[in-house]
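J.: My file is model.txt. It has compact mmCIF, C-alpha atoms:
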# COMPACT_ATOMS: atom_id res chain seq x y z
CA ASP A 1 -7.85 -10.85 8.73
CA SER A 2 -5.60 -7.79 8.75
CA GLY A 3 -7.61 -5.97 11.38
CA VAL A 4 -8.65 -3.25 8.94
CA THR A 5 -12.30 -3.64 7.99
CA GLN A 6 -13.77 -2.22 4.83
CA THR A 7 -17.41 -2.25 3.87
CA PRO A 8 -19.03 -2.99 1.57
CA LYS A 9 -16.84 -5.50 -0.27
CA HIS A 10 -18.63 -4.91 -3.55
CA LEU A 11 -20.68 -2.01 -4.81
CA ILE A 12 -22.42 -1.57 -8.15
CA THR A 13 -23.98 1.75 -8.95
CA ALA A 14 -24.95 3.94 -11.86
CA THR A 15 -23.20 6.97 -13.26
CA GLY A 16 -24.08 10.19 -11.50
CA GLN A 17 -24.76 8.49 -8.21
CA ARG A 18 -23.09 8.97 -4.85
CA VAL A 19 -21.63 6.23 -2.65
CA THR A 20 -19.94 6.01 0.72
CA LEU A 21 -17.16 3.57 1.52
CA ARG A 22 -16.38 2.77 5.11
CA CYS A 23 -13.17 1.82 6.87
CA SER A 24 -12.51 0.74 10.43
CA PRO A 25 -8.81 0.92 11.23
CA ARG A 26 -6.87 -1.65 13.19
CA SER A 27 -7.33 -1.27 16.91
CA GLY A 28 -5.03 1.43 18.25
CA ASP A 29 -4.16 2.91 14.87
CA LEU A 30 -4.79 6.63 14.55
CA SER A 31 -3.98 7.15 10.87
CA VAL A 32 -6.17 6.13 7.99
CA TYR A 33 -5.15 6.24 4.34
CA TRP A 34 -7.29 5.82 1.24
CA TYR A 35 -6.01 4.43 -2.03
CA GLN A 36 -7.56 3.83 -5.43
CA GLN A 37 -6.44 1.02 -7.71
CA SER A 38 -7.87 0.85 -11.21
CA LEU A 39 -7.46 -2.13 -13.51
CA ASP A 40 -3.80 -2.57 -14.41
CA GLN A 41 -2.93 0.59 -12.52
CA GLY A 42 -0.85 1.02 -9.46
CA LEU A 43 -2.10 2.18 -6.12
CA GLN A 44 -2.98 5.86 -6.18
CA PHE A 45 -2.83 7.63 -2.85
CA LEU A 46 -5.94 9.70 -2.24
CA ILE A 47 -5.94 11.11 1.27
CA GLN A 48 -4.72 10.59 4.83
CA TYR A 49 -6.34 11.33 8.15
CA TYR A 50 -4.72 11.29 11.54
CA ASN A 51 -6.82 11.31 14.69
CA GLY A 52 -9.68 13.05 12.93
CA GLU A 53 -7.68 15.60 10.99
CA GLU A 54 -6.74 15.63 7.34
CA ARG A 55 -2.97 15.34 7.08
CA ALA A 56 -2.10 14.70 3.45
CA LYS A 57 -3.79 14.80 0.10
CA GLY A 58 -2.85 12.94 -3.01
CA ASN A 59 -4.59 12.70 -6.35
CA ILE A 60 -8.07 12.98 -4.97
CA LEU A 61 -10.75 14.41 -7.23
CA GLU A 62 -12.95 17.26 -6.06
CA ARG A 63 -15.93 14.92 -6.43
CA PHE A 64 -14.39 12.76 -3.71
CA SER A 65 -14.24 13.62 -0.04
CA ALA A 66 -13.40 11.82 3.15
CA GLN A 67 -13.55 12.22 6.88
CA GLN A 68 -12.41 10.46 10.01
CA PHE A 69 -14.80 10.29 12.92
CA PRO A 70 -14.09 10.46 16.68
CA ASP A 71 -14.19 6.68 16.91
CA LEU A 72 -11.45 6.73 14.22
CA HIS A 73 -13.41 5.03 11.50
CA SER A 74 -13.27 6.77 8.17
CA GLU A 75 -15.60 7.24 5.24
CA LEU A 76 -14.76 8.01 1.63
CA ASN A 77 -17.56 9.72 -0.26
CA LEU A 78 -17.60 9.50 -4.03
CA SER A 79 -20.14 11.64 -5.87
CA SER A 80 -21.22 12.27 -9.46
CA LEU A 81 -19.74 8.92 -10.28
CA GLU A 82 -18.27 8.27 -13.70
CA LEU A 83 -17.41 5.02 -15.43
CA GLY A 84 -13.74 5.76 -14.83
CA ASP A 85 -14.25 5.71 -11.09
CA SER A 86 -14.67 1.95 -11.25
CA ALA A 87 -11.80 0.61 -9.19
CA LEU A 88 -10.71 -1.10 -6.03
CA TYR A 89 -10.60 1.29 -3.12
CA PHE A 90 -8.30 0.34 -0.27
CA CYS A 91 -8.04 1.71 3.19
CA ALA A 92 -4.90 1.34 5.27
CA SER A 93 -4.11 2.25 8.84
CA SER A 94 -1.00 2.84 10.89
CA ALA A 95 -0.22 3.39 14.52
CA GLY A 96 0.08 6.75 16.14
CA GLN A 97 3.37 8.52 16.67
CA GLY A 98 6.13 6.23 17.66
CA ARG A 99 7.22 2.91 16.34
CA HIS A 100 5.41 1.22 13.54
CA TYR A 101 6.42 -1.36 11.05
CA GLY A 102 4.34 -0.50 8.08
CA TYR A 103 0.81 0.10 7.03
CA THR A 104 -1.97 -2.44 7.32
CA PHE A 105 -4.36 -2.61 4.41
CA GLY A 106 -7.94 -3.76 4.32
CA SER A 107 -9.29 -6.13 1.70
CA GLY A 108 -10.80 -3.29 -0.30
CA THR A 109 -14.12 -2.25 -1.77
CA ARG A 110 -14.67 -3.06 -5.42
CA LEU A 111 -16.71 -0.28 -6.98
CA THR A 112 -18.32 -0.82 -10.35
CA VAL A 113 -19.99 2.13 -12.04
CA VAL A 114 -22.34 1.18 -14.86
CA LEU B 1 9.65 11.30 -1.01
CA ALA B 2 12.44 9.36 -2.63
CA LYS B 3 11.54 7.92 -6.01
CA THR B 4 12.04 4.20 -6.50
CA THR B 5 12.80 2.21 -9.61
CA GLN B 6 12.27 -1.52 -9.85
CA PRO B 7 11.84 -3.99 -12.71
CA ILE B 8 8.36 -4.21 -14.17
CA SER B 9 8.32 -7.98 -14.16
CA MET B 10 10.35 -11.06 -13.29
CA ASP B 11 9.90 -14.76 -13.98
CA SER B 12 11.11 -17.58 -11.81
CA TYR B 13 10.57 -21.28 -11.18
CA GLU B 14 9.48 -23.03 -8.07
CA GLY B 15 12.28 -23.66 -5.63
CA GLN B 16 14.52 -20.88 -6.91
CA GLU B 17 15.71 -17.89 -4.95
CA VAL B 18 14.38 -14.62 -6.29
CA ASN B 19 16.10 -11.29 -5.84
CA ILE B 20 14.25 -8.09 -6.68
CA THR B 21 16.34 -4.94 -6.68
CA CYS B 22 15.01 -1.46 -6.10
CA SER B 23 16.91 1.75 -6.79
CA HIS B 24 16.34 4.80 -4.62
CA ASN B 25 19.15 7.20 -5.37
CA ASN B 26 17.81 10.18 -3.43
CA ILE B 27 16.91 8.36 -0.25
CA ALA B 28 16.96 10.66 2.78
CA THR B 29 18.83 10.07 6.00
CA ASN B 30 15.72 9.24 8.00
CA ASP B 31 14.06 7.13 5.30
CA TYR B 32 13.36 3.45 5.75
CA ILE B 33 12.87 0.94 2.96
CA THR B 34 9.70 -1.12 3.05
CA TRP B 35 8.50 -3.91 0.79
CA TYR B 36 4.92 -4.97 0.25
CA GLN B 37 3.34 -7.90 -1.54
CA GLN B 38 0.01 -7.69 -3.32
CA PHE B 39 -2.08 -10.53 -4.70
CA PRO B 40 -4.80 -9.78 -7.26
CA SER B 41 -7.85 -8.09 -5.75
CA GLN B 42 -6.26 -7.97 -2.30
CA GLY B 43 -4.70 -5.17 -0.32
CA PRO B 44 -0.92 -4.96 -0.11
CA ARG B 45 0.68 -6.89 2.70
CA PHE B 46 3.77 -5.75 4.58
CA ILE B 47 6.73 -8.06 4.00
CA ILE B 48 9.82 -6.47 5.47
CA GLN B 49 11.35 -3.15 6.43
CA GLY B 50 14.93 -2.08 6.95
CA TYR B 51 17.27 0.87 7.30
CA LYS B 52 20.72 -0.53 6.55
CA THR B 53 22.71 -3.75 6.13
CA LYS B 54 20.55 -6.85 6.32
CA VAL B 55 17.17 -7.68 7.77
CA THR B 56 15.69 -11.15 7.79
CA ASN B 57 12.33 -12.49 8.84
CA GLU B 58 10.43 -15.70 8.28
CA VAL B 59 9.34 -14.59 4.83
CA ALA B 60 12.23 -12.73 3.21
CA SER B 61 15.55 -10.99 3.55
CA LEU B 62 16.33 -7.40 2.74
CA PHE B 63 19.83 -6.37 1.76
CA ILE B 64 20.79 -2.71 1.88
CA PRO B 65 24.29 -1.59 0.88
CA ALA B 66 26.20 1.03 2.81
CA ASP B 67 25.23 3.89 0.48
CA ARG B 68 21.54 2.87 0.79
CA LYS B 69 20.87 3.91 -2.81
CA SER B 70 19.42 0.52 -3.58
CA SER B 71 17.97 -2.47 -1.81
CA THR B 72 17.34 -6.09 -2.70
CA LEU B 73 14.42 -8.18 -1.57
CA SER B 74 15.36 -11.84 -1.47
CA LEU B 75 12.71 -14.55 -1.47
CA PRO B 76 14.18 -17.98 -0.72
CA ARG B 77 12.84 -20.98 -2.61
CA VAL B 78 9.74 -19.42 -4.10
CA SER B 79 6.54 -21.34 -4.68
CA LEU B 80 3.61 -20.75 -7.00
CA SER B 81 1.87 -18.86 -4.20
CA ASP B 82 4.59 -16.20 -4.29
CA THR B 83 3.27 -15.01 -7.64
CA ALA B 84 2.31 -11.43 -6.86
CA VAL B 85 3.29 -7.80 -7.32
CA TYR B 86 6.07 -6.59 -5.04
CA TYR B 87 6.36 -2.92 -4.18
CA CYS B 88 9.42 -1.13 -2.84
CA LEU B 89 8.72 2.05 -0.90
CA VAL B 90 10.99 4.56 0.74
CA GLY B 91 9.89 7.01 3.35
CA SER B 92 10.09 8.11 6.94
CA ARG B 93 9.27 5.54 9.50
CA GLY B 94 7.36 7.77 11.82
CA GLY B 95 3.88 6.80 12.65
CA GLY B 96 0.83 8.93 12.85
CA SER B 97 0.90 12.09 10.85
CA GLN B 98 4.25 11.62 9.19
CA GLY B 99 4.45 10.70 5.59
CA ASN B 100 2.28 8.84 3.24
CA LEU B 101 2.99 5.89 1.03
CA ILE B 102 3.40 6.49 -2.65
CA PHE B 103 3.36 3.22 -4.54
CA GLY B 104 5.07 2.80 -7.88
CA LYS B 105 4.14 0.17 -10.43
CA GLY B 106 5.87 -2.58 -8.53
CA THR B 107 7.47 -5.75 -9.85
CA LYS B 108 5.16 -8.47 -11.08
CA LEU B 109 6.74 -11.78 -10.11
CA SER B 110 5.52 -14.86 -11.93
CA VAL B 111 6.55 -18.21 -10.48
CA LYS B 112 6.23 -21.17 -12.82
CA PRO B 113 6.15 -24.85 -11.96
Show me this structure written as structure tokens.
T.:
Amino acid sequence: DSGVTQTPKHLITATGQRVTLRCSPRSGDLSVYWYQQSLDQGLQFLIQYYNGEERAKGNILERFSAQQFPDLHSELNLSSLELGDSALYFCASSAGQGRHYGYTFGSGTRLTVV
Amino acid sequence: LAKTTQPISMDSYEGQEVNITCSHNNIATNDYITWYQQFPSQGPRFIIQGYKTKVTNEVASLFIPADRKSSTLSLPRVSLSDTAVYYCLVGSRGGGSQGNLIFGKGTKLSVKP
């Protein structure tokens, strides 16, 4: 158990639908990162939040959005889903300013769009 | 962020030492080098991080030459369970709002019996 909790573990939905993925960061970590990993693809950085504020954006589609709540958990919203959105979605967290030794990843949410 | 280049794949046998080299020619002064391991359908796992010379932990060693334009992850006596993708990343070490992690394709290590 890495300390980063992602729910649900698996999600199957139809094209055009909207889903929400949830991430609870490791205790004490203020930053949350979202990544997408498609089959045979590398990890694509989507977005970062730090203490409730968006801090960096990667290759995130306009159909996708995210937020980080006051209790520091984060949600990734995916809408108007397409078959190509099927992927593993990972959340990672890191400590606040100061020392840290890397990013801790959750076990991911496997999204299947049919 | 500094771009990294590493081999796409490597093969090894159980019990051998494996060295995976990563090139990062435009590494910045305040950049650290971090390696992650990823098993299929799992999130990446932090292995080791270093700034210069040599770092060793219970899992691996990281060798960084003086010019810091490359680094080598060394896995001693690999086993079948070390079969995974290994990512080399370069970026600032600051926590919180600083930086984000851009992953390349990584090196797919296959350990054979």
J.: Residues of chain B within 12 Å of chain A, counting only C-alpha atoms - could you list those as an mmCIF file with C-alpha atoms, in the coordinates of the input?
T.:
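File selection_30.cif, as written:
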data_model
loop_
_atom_site.group_PDB
_atom_site.id
_atom_site.type_symbol
_atom_site.label_atom_id
_atom_site.label_comp_id
_atom_site.auth_asym_id
_atom_site.auth_seq_id
_atom_site.Cartn_x
_atom_site.Cartn_y
_atom_site.Cartn_z
ATOM 1 C CA ILE B 8 8.360 -4.210 -14.170
ATOM 2 C CA TYR B 32 13.360 3.450 5.750
ATOM 3 C CA ILE B 33 12.870 0.940 2.960
ATOM 4 C CA THR B 34 9.700 -1.120 3.050
ATOM 5 C CA TRP B 35 8.500 -3.910 0.790
ATOM 6 C CA TYR B 36 4.920 -4.970 0.250
ATOM 7 C CA GLN B 37 3.340 -7.900 -1.540
ATOM 8 C CA GLN B 38 0.010 -7.690 -3.320
ATOM 9 C CA PHE B 39 -2.080 -10.530 -4.700
ATOM 10 C CA PRO B 40 -4.800 -9.780 -7.260
ATOM 11 C CA SER B 41 -7.850 -8.090 -5.750
ATOM 12 C CA GLN B 42 -6.260 -7.970 -2.300
ATOM 13 C CA GLY B 43 -4.700 -5.170 -0.320
ATOM 14 C CA PRO B 44 -0.920 -4.960 -0.110
ATOM 15 C CA ARG B 45 0.680 -6.890 2.700
ATOM 16 C CA PHE B 46 3.770 -5.750 4.580
ATOM 17 C CA ILE B 47 6.730 -8.060 4.000
ATOM 18 C CA ILE B 48 9.820 -6.470 5.470
ATOM 19 C CA GLN B 49 11.350 -3.150 6.430
ATOM 20 C CA GLY B 50 14.930 -2.080 6.950
ATOM 21 C CA TYR B 51 17.270 0.870 7.300
ATOM 22 C CA VAL B 85 3.290 -7.800 -7.320
ATOM 23 C CA TYR B 86 6.070 -6.590 -5.040
ATOM 24 C CA TYR B 87 6.360 -2.920 -4.180
ATOM 25 C CA LEU B 89 8.720 2.050 -0.900
ATOM 26 C CA VAL B 90 10.990 4.560 0.740
ATOM 27 C CA GLY B 91 9.890 7.010 3.350
ATOM 28 C CA SER B 92 10.090 8.110 6.940
ATOM 29 C CA ARG B 93 9.270 5.540 9.500
ATOM 30 C CA GLY B 94 7.360 7.770 11.820
ATOM 31 C CA GLY B 95 3.880 6.800 12.650
ATOM 32 C CA GLY B 96 0.830 8.930 12.850
ATOM 33 C CA SER B 97 0.900 12.090 10.850
ATOM 34 C CA GLN B 98 4.250 11.620 9.190
ATOM 35 C CA GLY B 99 4.450 10.700 5.590
ATOM 36 C CA ASN B 100 2.280 8.840 3.240
ATOM 37 C CA LEU B 101 2.990 5.890 1.030
ATOM 38 C CA ILE B 102 3.400 6.490 -2.650
ATOM 39 C CA PHE B 103 3.360 3.220 -4.540
ATOM 40 C CA GLY B 104 5.070 2.800 -7.880
ATOM 41 C CA LYS B 105 4.140 0.170 -10.430
ATOM 42 C CA GLY B 106 5.870 -2.580 -8.530
ATOM 43 C CA THR B 107 7.470 -5.750 -9.850
ATOM 44 C CA LYS B 108 5.160 -8.470 -11.080
#
J.: Go through B:Lys3, B:Glu58, B:Val18, B:Ser79 and flag the residue nearest B:Asp31, using only C-alpha atoms for the distances.
T.: B:Lys3
J.: How many Å lie between atom CA of A:Ser24 and atom CA of A:Gly84, rounded to one decimal?
T.: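 Between these atoms lies a distance of 25.8 Å.
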J.: Using only C-alpha atoms, which protein or nucleic acid residues come within 7 Å of B:Asn25? Drop anything in the same chain fewer than 2 positions from it, and give the result as a PyMOL selection string.
T.: chain B and resi 23+27+69-70
J.: Could you jot down the atom CA of A:Thr7 to atom CA of A:Glu75 separation for me, Å, one decimal place?
T.: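 Atom CA of A:Glu75 lies 9.8 Å from atom CA of A:Thr7.
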J.: Can you measure atom CA of B:Gly15 to atom CA of B:Leu75 for me? One decimal in Å is fine.
T.: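 Between atom CA of B:Gly15 and atom CA of B:Leu75 the gap is 10.0 Å.
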J.: Can you pull out every residue within 9 Å of A:Val113, counting only C-alpha atoms, but drop anything in the same chain fewer than 6 positions away, and send it as a PyMOL selection string?
T.: chain A and resi 11-15+17+81-87
J.: Missing atoms in stretch 32-55 of chain A should be modelled up to N, CA, C and O atoms and reported as a compact mmCIF listing (two decimals), keeping the file's coordinate frame.
T.:
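Done, and the output landed in selection.txt:
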# COMPACT_ATOMS: atom_id res chain seq x y z
N VAL A 32 -5.46 6.88 9.02
CA VAL A 32 -6.17 6.13 7.99
C VAL A 32 -5.79 6.72 6.63
O VAL A 32 -5.69 7.94 6.48
N TYR A 33 -5.53 5.84 5.69
CA TYR A 33 -5.15 6.24 4.34
C TYR A 33 -6.13 5.63 3.35
O TYR A 33 -6.52 4.47 3.51
N TRP A 34 -6.44 6.35 2.31
CA TRP A 34 -7.29 5.82 1.24
C TRP A 34 -6.50 5.77 -0.06
O TRP A 34 -5.80 6.71 -0.41
N TYR A 35 -6.67 4.64 -0.75
CA TYR A 35 -6.01 4.43 -2.03
C TYR A 35 -7.02 3.95 -3.06
O TYR A 35 -7.99 3.28 -2.73
N GLN A 36 -6.74 4.30 -4.31
CA GLN A 36 -7.56 3.83 -5.43
C GLN A 36 -6.68 2.99 -6.35
O GLN A 36 -5.54 3.37 -6.64
N GLN A 37 -7.19 1.85 -6.78
CA GLN A 37 -6.44 1.02 -7.71
C GLN A 37 -7.36 0.61 -8.85
O GLN A 37 -8.26 -0.20 -8.69
N SER A 38 -7.10 1.20 -10.02
CA SER A 38 -7.87 0.85 -11.21
C SER A 38 -7.23 -0.35 -11.88
O SER A 38 -6.11 -0.73 -11.56
N LEU A 39 -7.94 -0.94 -12.82
CA LEU A 39 -7.46 -2.13 -13.51
C LEU A 39 -6.11 -1.83 -14.14
O LEU A 39 -5.93 -0.86 -14.85
N ASP A 40 -5.15 -2.69 -13.86
CA ASP A 40 -3.80 -2.57 -14.41
C ASP A 40 -3.09 -1.28 -14.01
O ASP A 40 -2.09 -0.93 -14.62
N GLN A 41 -3.59 -0.61 -13.02
CA GLN A 41 -2.93 0.59 -12.52
C GLN A 41 -2.34 0.33 -11.15
O GLN A 41 -2.76 -0.57 -10.43
N GLY A 42 -1.42 1.12 -10.79
CA GLY A 42 -0.85 1.02 -9.46
C GLY A 42 -1.77 1.64 -8.44
O GLY A 42 -2.86 2.13 -8.75
N LEU A 43 -1.32 1.61 -7.21
CA LEU A 43 -2.10 2.18 -6.12
C LEU A 43 -1.92 3.69 -6.10
O LEU A 43 -0.81 4.18 -5.97
N GLN A 44 -3.02 4.40 -6.20
CA GLN A 44 -2.98 5.86 -6.18
C GLN A 44 -3.40 6.35 -4.80
O GLN A 44 -4.52 6.07 -4.36
N PHE A 45 -2.52 7.09 -4.16
CA PHE A 45 -2.83 7.63 -2.85
C PHE A 45 -3.85 8.74 -2.98
O PHE A 45 -3.70 9.64 -3.80
N LEU A 46 -4.89 8.69 -2.18
CA LEU A 46 -5.94 9.70 -2.24
C LEU A 46 -5.83 10.70 -1.09
O LEU A 46 -5.72 11.90 -1.31
N ILE A 47 -5.88 10.20 0.14
CA ILE A 47 -5.94 11.11 1.27
C ILE A 47 -5.59 10.37 2.56
O ILE A 47 -5.76 9.16 2.66
N GLN A 48 -5.07 11.13 3.52
CA GLN A 48 -4.72 10.59 4.83
C GLN A 48 -5.37 11.40 5.93
O GLN A 48 -5.41 12.63 5.88
N TYR A 49 -5.85 10.71 6.95
CA TYR A 49 -6.34 11.33 8.15
C TYR A 49 -5.59 10.80 9.35
O TYR A 49 -5.19 9.63 9.39
N TYR A 50 -5.37 11.68 10.30
CA TYR A 50 -4.72 11.29 11.54
C TYR A 50 -5.53 11.84 12.70
O TYR A 50 -5.68 13.05 12.84
N ASN A 51 -6.07 10.95 13.48
CA ASN A 51 -6.82 11.31 14.69
C ASN A 51 -7.89 12.36 14.38
O ASN A 51 -8.07 13.31 15.14
N GLY A 52 -8.56 12.18 13.29
CA GLY A 52 -9.68 13.05 12.93
C GLY A 52 -9.34 14.22 12.03
O GLY A 52 -10.25 14.88 11.52
N GLU A 53 -8.06 14.45 11.80
CA GLU A 53 -7.68 15.60 10.99
C GLU A 53 -7.05 15.17 9.67
O GLU A 53 -6.27 14.21 9.63
N GLU A 54 -7.37 15.90 8.63
CA GLU A 54 -6.74 15.63 7.34
C GLU A 54 -5.27 15.99 7.40
O GLU A 54 -4.91 17.09 7.84
N ARG A 55 -4.40 15.08 6.96
CA ARG A 55 -2.97 15.34 7.08
C ARG A 55 -2.25 15.39 5.74
O ARG A 55 -1.22 16.03 5.61
